[in-house]
Amino acid sequence: MKPFFNNRSAAVGLVVLVIVVVAAALAGVLAPHDPWQTVGRPLSPPGEAFLLGSDGLGRDILSGILHGARVSLMIGIAAAIVSVCIGVAVGLVAGYFGGRVDDVVMSLTEIIQTIPSFVLMVVLVAIFQPSITSIIVAIAVVSWPPLARLVRGEVMSLRTREFIEAARLSGLGDVPIMLREILPNCASHIIVMGSLMVANAILLESALSFLGLSDPNVITWGYMIGSSRALLHFAWWTCVFPGAAIFITVLAINLVGEGINDAFNPKLARQRA
Amino acid sequence: MVKTGLGRAIKILLVLLSVIVINFALVRFAPGDPVSVIAGEAGASDAAFIASLREEFQLDKPIPVQLAAYLASVVRGDLGYSYRQRRPVADLIWERMPATLLLTGSAFVLSLLVGSAFGTFAGLNRGGWGDNALLVVCLLGYALPAFWLGLVLVLIFSVWLQWLPAFGMQTLGYTGGWWAQAGDVLSHLILPCITLSAYYIALYTRVMRSSMADVQTADFIKTAYAKGLSRGRIIGVHMLRNAALPVVTLAGVQAGQLIGGSIVVETVFAWPGIGRLALDALLQREYMVLLGVFVVTSIMVIALNIISDIILAIVDPRIKRSAA
């Protein structure tokens, strides 16, 4: 992991990410107020009463951002895990079996990639009602195809290698070969893409909740911006700070993801420099 | 060429078919049957109305028959009826089409042009300060939520500097000649177009940069230098055409995301397009409109894919023009 820490921007990203995770974990303690409660004059500018100001209903924006970090990270990570599972399964099956199976599975992948995914997500969440589960599922449904393609490509180049042949001759079945022999060899690519998927999922979730498609029981960054949008002209802080939270978090995750990539694939990193 | 053309056509039909099936499944298997949803939409729940809706949706028939009926109606261009607005969904969408085409089309062109230009510059000057600055810009571009970027641009250019309008597509009650009107629309278009393009500019810059880098070391470029061609001609003719291929391919793939992104951007700027229609439908739980938007945007994506294939065939030096 040494190259990772030699990479300055990745290290900065990691520090920021740790801060966000701590803020999310300790939101209950760190937040000065309940994020839903009216605790002061509406639209107070950032200052002594409220560090980052208050929104149109007199709710503390800092508290909202701290609590929102939980939801963003949780949905981002959960959606990435689900889409990694789908993508890996699809990619393994298509790449390993090849032929007809590959044709059918990859056509399906291509169809999903062609469909305007954000519109599909909006439709899914709207019809099944916004909840943390429906949002995670909707994000996962549209996010897996690129990973499936990547895994498929890797598997195809691995499956004719000698060690796979040896495993097959030793009587190992298809599934154990896929999981024990092939999968670990694609792990580095999956981890890199998975980390970028977390960032992307956070962006998608924030866009959905900006449109009003968020779980009504939890406060999210996108919801904070969406509900204060009409106040932009008088109270910039209601929109700017929650958005900055999304921006900084996603940027940090991307930096860490690129750092992992450079550490795993040093050849690529040198090429790029 | 004919064979791949046929393959493409089959794929296109498959995509369309799956969109229609997904739509059908969403309506049928959503919580509550479609009739109660639509009756709720219309704000009417008397028995006669519900009975007529059941008749219309043929809910008593087997699922395949229902699907076939739905397919037939979509092929006819019938996307259902908005009981709230008392108009066919297809009409509502059709009306909003020009605004969305203007926004997504200009963002598509802007992101391709700017992304290719940035990427070419960065690829030719790798490691230089300009390249590094552009890499940082790309990194930021990837992490910016489009709706937030839009709001920040409004804050800066409309609220503080008061240079550009914050919302809408035209100034209300604006009178003037054709050119003045066009200028008015253009001034409304600038911010939404930049907002929608930002992510794609970052994406295309990076792709163009790395493909420029690959092309520079290719044998045919060495040959071109050996032939004594000027650097300008080599870059302009030989490098750009080859380096642009991955970008154009990617642009075709990304077209769907661009149209999806316009929902968010149209919301931020109150742009009177399909995205805005979808959001209103969302707020009023008018699922037929929402599903109609889904079908139409999918068709738009397919059209953009075909366009990018055509551009590819024209640009790609490996494809002979006569065969294309």
# chains A, B, ... in the order shown; residues from 1 in each chain; ligands from 1

call {"tool": "closest_atom_pairs", "arguments": {"of": "chain B", "to": "chain A", "cutoff": "6 Å", "atoms": "only C-alpha atoms", "output": "CSV"}}
result
residue,atom,partner,partner_atom,distance
B:Val15,CA,A:Ile111,CA,5.3
B:Ala143,CA,A:Leu251,CA,5.1
B:Leu144,CA,A:Phe247,CA,5.4
B:Trp148,CA,A:Gly243,CA,5.7
B:Gly256,CA,A:Pro116,CA,4.3
B:Gln257,CA,A:Pro116,CA,5.7
B:Gly260,CA,A:Phe118,CA,4.9
B:Ser298,CA,A:Ile115,CA,5.6

call {"tool": "residues_around", "arguments": {"residues": "Val137 (chain B)", "least_positions_apart": "5", "cutoff": "10 Å", "atoms": "only C-alpha atoms", "output": "ChimeraX atom specification"}}
result
/B:131-132,142,198,201-202,205

call {"tool": "closest_residue", "arguments": {"among": "A:Leu92, A:Leu26, A:Ile132, A:Val192", "to": "Arg180 (chain A)", "atoms": "only C-alpha atoms"}}
result
A:Leu92

call {"tool": "atom_distance", "arguments": {"atom1": "CA of Val155 (chain A)", "atom2": "CA of Leu183 (chain A)"}}
result
8.1 Å
